[in-house]
Amino acid sequence: MEKIGDGEMEKNSRDIQLKLNKNFDSVVMLTWSDWYTEMRSNRYHYASRFSRYLPVVFVQPDLKTARYRFEKTELLNLEVLHVYRHYGHAQAKLIARALNERGIIRPLVWTYNFLFDDFIRMNYRGFMVYHATEDYFSTDFYVSSKQDTTVQLKEVLQYTDLLIPISEGIHEDYVLKGQYNGASAVITNGCDYRFWADGADKLNVNDHSIKRNTALYQGGISRKIDFGLISDLALQMPDWEFTFCGRLMLTNDEELARWNSLLSHRNVTYLGCLDVNELKHHMYRSTVGLIPFVQNDWITERSFPLKAFEYCACGLPVVSVPIKSLEAYSSIMSLARTPDEFRSAIIASEEIRHNQVLVRNRREAAQLQDYDNKFKEAVLNIHEQHMISSKPSTLPSHTKNESLNILVLYDMNSTHVTTIKEHLESFAAYSRHHIFYANATNNAPCTFDLSLFDAIIIHYSVRVSLTSHLSSSYADQLKSSPGLKILFIQDEYDTTGIAWKWIHSLGIHVVYTCVPAEYLDYVYPATSFSHVDFVENLTGFVPSGLEQKIQTRPLAQRRYILGYRGRKLPLWYGSLGYEKYIIGVRMREICQERNIPANIECDDSRRIYNEEWYDFIEDCRAMLGTESGSNVFDFDGTIREDIEKELVKRPDLTYQEAYDRFLAEHESCIEMNQISPKIFEAIVLKTALVLFEGKYSGVIQPDIHYIPLKKDFSNVDEVLEKLDDLEFLEEMTGKAYEDVIASGNYSYRHFIEEFDALVSRKVPRGQGKLLITGITALQNRSNEEVSPISPAFTGRGKNPLNQPGNSIFTRDTTLSKRNTAFHDFYLQASDLLPERVKTVLFPILKPLKKWIL
């Protein structure tokens, strides 16, 4: 028999590893099975092969209390996750927390058990496969509460990225009856060829300890078996032994009675649930392998029993009831309908059991069905479909591009800063998703369930460079939240190591970063963050309130030639921080020396906020500016610590001295050089820019959009001369406005459009919950679950942040359109809530409706 060479096997293994490791950090298997008691089913075969390349978590719902625990297995890279056995919301959060504990953020979810539908619906995942080994839609497949479970299965199929049915018949039913219309690949069951075939050649055909012919059945002892057929055969063939091996899976008294009746025959033996090596021993010593199933549509049209090729791998003849998927192998398997046909085929097997040509044919057929081949085929299909679904313009064909519920966690003490407030409000103003907000800093308690949301944003106003700015209450809930988690981060150079810890401990999936792509590995090493998606992002955008400003003050009517507000940053921020100070100090001196009207300050006490800031910009002919950020990344805080110690000894330490001693070696490792939101503010108000030479994130170009100022001020005369040329300034500000503002590329609307597109790719289908603030309700698609949400925690609308320091949408700071919001809720509730809920809820709502409206 031709064997695959070691070189080819190694190449195949590398190819599989590359495809899996690139896309996923683990495999999470949602099964009905018990890892320790189930015989080697396809669950075992796929799990064991996945574990060669990725950590595998085999989820086993068998705990009586609401908890979870991991247990090691005989396979090095595979753990059993024992979890609360009651399916639902609580179980889903426990699984999410367990996966977060293991640092799993992008799993391949491989599903058999659709009763995990709550977890599937709530969980952000890298990709989900539903492995359809049973046809739950078949009229012959009985399960308790069939209508409910098929509804759940249909729901799970809506979240499935790839369906892998084991037969064409199952595929047909899942499409027609399950209404699945996504990607699929029929991959039949196989066998662990190398395990079963090893030792078959050593069987001693003259072994006198084998006293009689044996017909063996191995597998679950379930209602699939035609007990009447075997009973007839046992009576007709008293000189044959009928041996059964497998776990008892009988569910009612009638089935048990038929099984016990079968065992009453003297030539019927039940060996129990054997160790796999013991089972192989008995298969070697048997004469024929049986598949004596009941003959119905479920079995004959839609099944593919993996035991067929396990028998063949051991050299055994096979006698089976007619099964469509086995018809192609009639040369090595006998298909029989009646007890007489079975009897004839079994007797004939004695003659061909050890025929070397036929044994070789059986084993060759089994080798082609090796699970190594099935596994490779599955991985190739997963990789191909993952590539398609990951394309920026692609959403899975079977999913609805629906609105999601997204929660923004922020720091309400930072909203006095205009750019922070505008950035926060842009989500509610422009996103097509439902946006909610909650203050999550300074020990704010989390009084609601974060798992209600399809995605959660941790805004950059929550400083993850600090160990305790994010409330511990929110942090704890985030660890149990199974949805997509997105971090917006700025000032990444501050104690970067702390931010690393937060990204890992919270299970962040996407990071919006200011770090340029070419330096990403320096700040976030791929070895530690290989499955976190990093999106390069600006620190701010064009203020929405100024975009539609039609007229600006003419340059000739502005009081100041130059304006600026900067400050002296701590020494450890390096050259970019120092430049913010020195440009103001030197240009103020120059303007004073030459009697140039200027309003330049570098003191925190002279900063300007809110509308007064825009008025100030519009009162200046030009604004000074520098690149933002810092090129000194203080990963563990030691640079700052060293400089602070030196300042205690030498309070007069100069910047140059600090640079030479503490900073020089770090400055050249990375170039942050970000454009500041202040530059967008100036451009939209048609105020000229005088900027230190730099990159400015590639948004603006020198001599086209701004007047470049050399950092040694050697061209200051040329700069001041240009500031006197109003025609030149009007042309430059017009060009800057056209390229930066009118293009729309740097608007908050464009930013949110790209954000929405990313979220929709990551979560093409949400939980389907209706969340409404004020008097609130939660509803899922099946109209079963309704739960109140605290009205004070969250809000929606185009101006969600109200006044500085206020909570969002509390009773005292409610929407200006509160009545509209309530009216919308009342109408939605009328349409969507189940009758039993409306009976309780609407008597309360009606008087409130009258009072509010």
# chains A, B, ... in the order shown; residues from 1 in each chain; ligands from 1
$ residues_around --residues "segment 509-526 of chain A" --least-positions-apart "2" --cutoff "8 Å" --atoms "only C-alpha atoms" --output "PyMOL selection string"
chain A and resi 105-106+484-490+492+496+500+507+528-539+670-672+674
$ residues_around --residues "segment 177-184 of chain A" --least-positions-apart "2" --cutoff "6 Å" --atoms "only C-alpha atoms" --output "PyMOL selection string"
chain A and resi 154+162-164+173-175+398
$ write_last_selection --atoms "N, CA, C and O atoms" --output "mmCIF file, in the first residue's frame"
data_model
loop_
_atom_site.group_PDB
_atom_site.id
_atom_site.type_symbol
_atom_site.label_atom_id
_atom_site.label_comp_id
_atom_site.auth_asym_id
_atom_site.auth_seq_id
_atom_site.Cartn_x
_atom_site.Cartn_y
_atom_site.Cartn_z
ATOM 1 N N LYS A 154 -32.019 26.325 14.437
ATOM 2 C CA LYS A 154 -32.133 27.322 13.360
ATOM 3 C C LYS A 154 -31.467 28.631 13.758
ATOM 4 O O LYS A 154 -30.812 29.285 12.945
ATOM 5 N N LEU A 162 -19.534 28.424 8.801
ATOM 6 C CA LEU A 162 -19.323 27.289 7.893
ATOM 7 C C LEU A 162 -20.046 26.083 8.459
ATOM 8 O O LEU A 162 -19.828 25.695 9.606
ATOM 9 N N LEU A 163 -20.906 25.484 7.641
ATOM 10 C CA LEU A 163 -21.602 24.245 8.002
ATOM 11 C C LEU A 163 -20.831 23.073 7.400
ATOM 12 O O LEU A 163 -20.538 23.059 6.206
ATOM 13 N N ILE A 164 -20.503 22.091 8.265
ATOM 14 C CA ILE A 164 -19.842 20.869 7.781
ATOM 15 C C ILE A 164 -20.745 19.681 8.094
ATOM 16 O O ILE A 164 -20.680 19.106 9.188
ATOM 17 N N ASP A 173 -31.274 18.721 4.333
ATOM 18 C CA ASP A 173 -32.266 19.076 5.357
ATOM 19 C C ASP A 173 -31.915 20.368 6.076
ATOM 20 O O ASP A 173 -32.797 21.159 6.417
ATOM 21 N N TYR A 174 -30.635 20.608 6.339
ATOM 22 C CA TYR A 174 -30.234 21.830 7.031
ATOM 23 C C TYR A 174 -30.495 23.061 6.160
ATOM 24 O O TYR A 174 -30.765 24.138 6.669
ATOM 25 N N VAL A 175 -30.417 22.874 4.854
ATOM 26 C CA VAL A 175 -30.703 23.983 3.942
ATOM 27 C C VAL A 175 -32.213 24.184 3.804
ATOM 28 O O VAL A 175 -32.724 25.307 3.940
ATOM 29 N N HIS A 398 -25.526 34.947 4.820
ATOM 30 C CA HIS A 398 -26.663 34.462 5.587
ATOM 31 C C HIS A 398 -26.977 35.348 6.785
ATOM 32 O O HIS A 398 -27.886 35.055 7.539
#
$ closest_residue --among "A:Ala366, A:Ile561, A:Leu555, A:Ile420" --to "Gly734 of chain A" --atoms "only C-alpha atoms"
A:Leu555
$ select_by_dssp --residues "segment 235-316 of chain A" --states "strand (DSSP E)" --output "JSON, numbers by chain"
{"A": [241, 242, 243, 244, 245, 268, 269, 270, 288, 289, 290, 291]}
$ atom_distance --atom1 "atom CA of Tyr124 of chain A" --atom2 "atom CA of Leu78 of chain A"
21.4 Å
$ select_by_dssp --residues "segment 627-739 of chain A" --states "alpha helix (DSSP H)" --output "NGL selection string"
:A and (638-649 or 655-658 or 664-667 or 677-684 or 716-723 or 726-736)
$ closest_residue --among "A:Val408, A:Arg588, A:Ile230, A:Ile382" --to "Phe342 of chain A" --atoms "only C-alpha atoms"
A:Ile230
$ closest_residue --among "A:Arg125, A:Lys678, A:Arg567, A:Arg363" --to "His386 of chain A" --atoms "only C-alpha atoms"
A:Arg125
$ residues_around --residues "Tyr130 of chain A" --least-positions-apart "2" --cutoff "10 Å" --atoms "only C-alpha atoms" --output "list in words"
Leu30, Val109, Trp110, Thr111, Tyr112, Asn113, Phe114, Met128, Ala132, Thr133, Leu153, Val156, Leu157, Tyr159, Thr160, Asp161, Leu162, Leu163, Ile164, Pro165 and Ser184 of chain A
$ residues_around --residues "segment 597-601 of chain A" --least-positions-apart "5" --cutoff "9 Å" --atoms "only C-alpha atoms" --output "VMD selection string"
chain A and resid 559 to 567 584 to 585 587 to 588 591 to 592 606 to 607 620 624
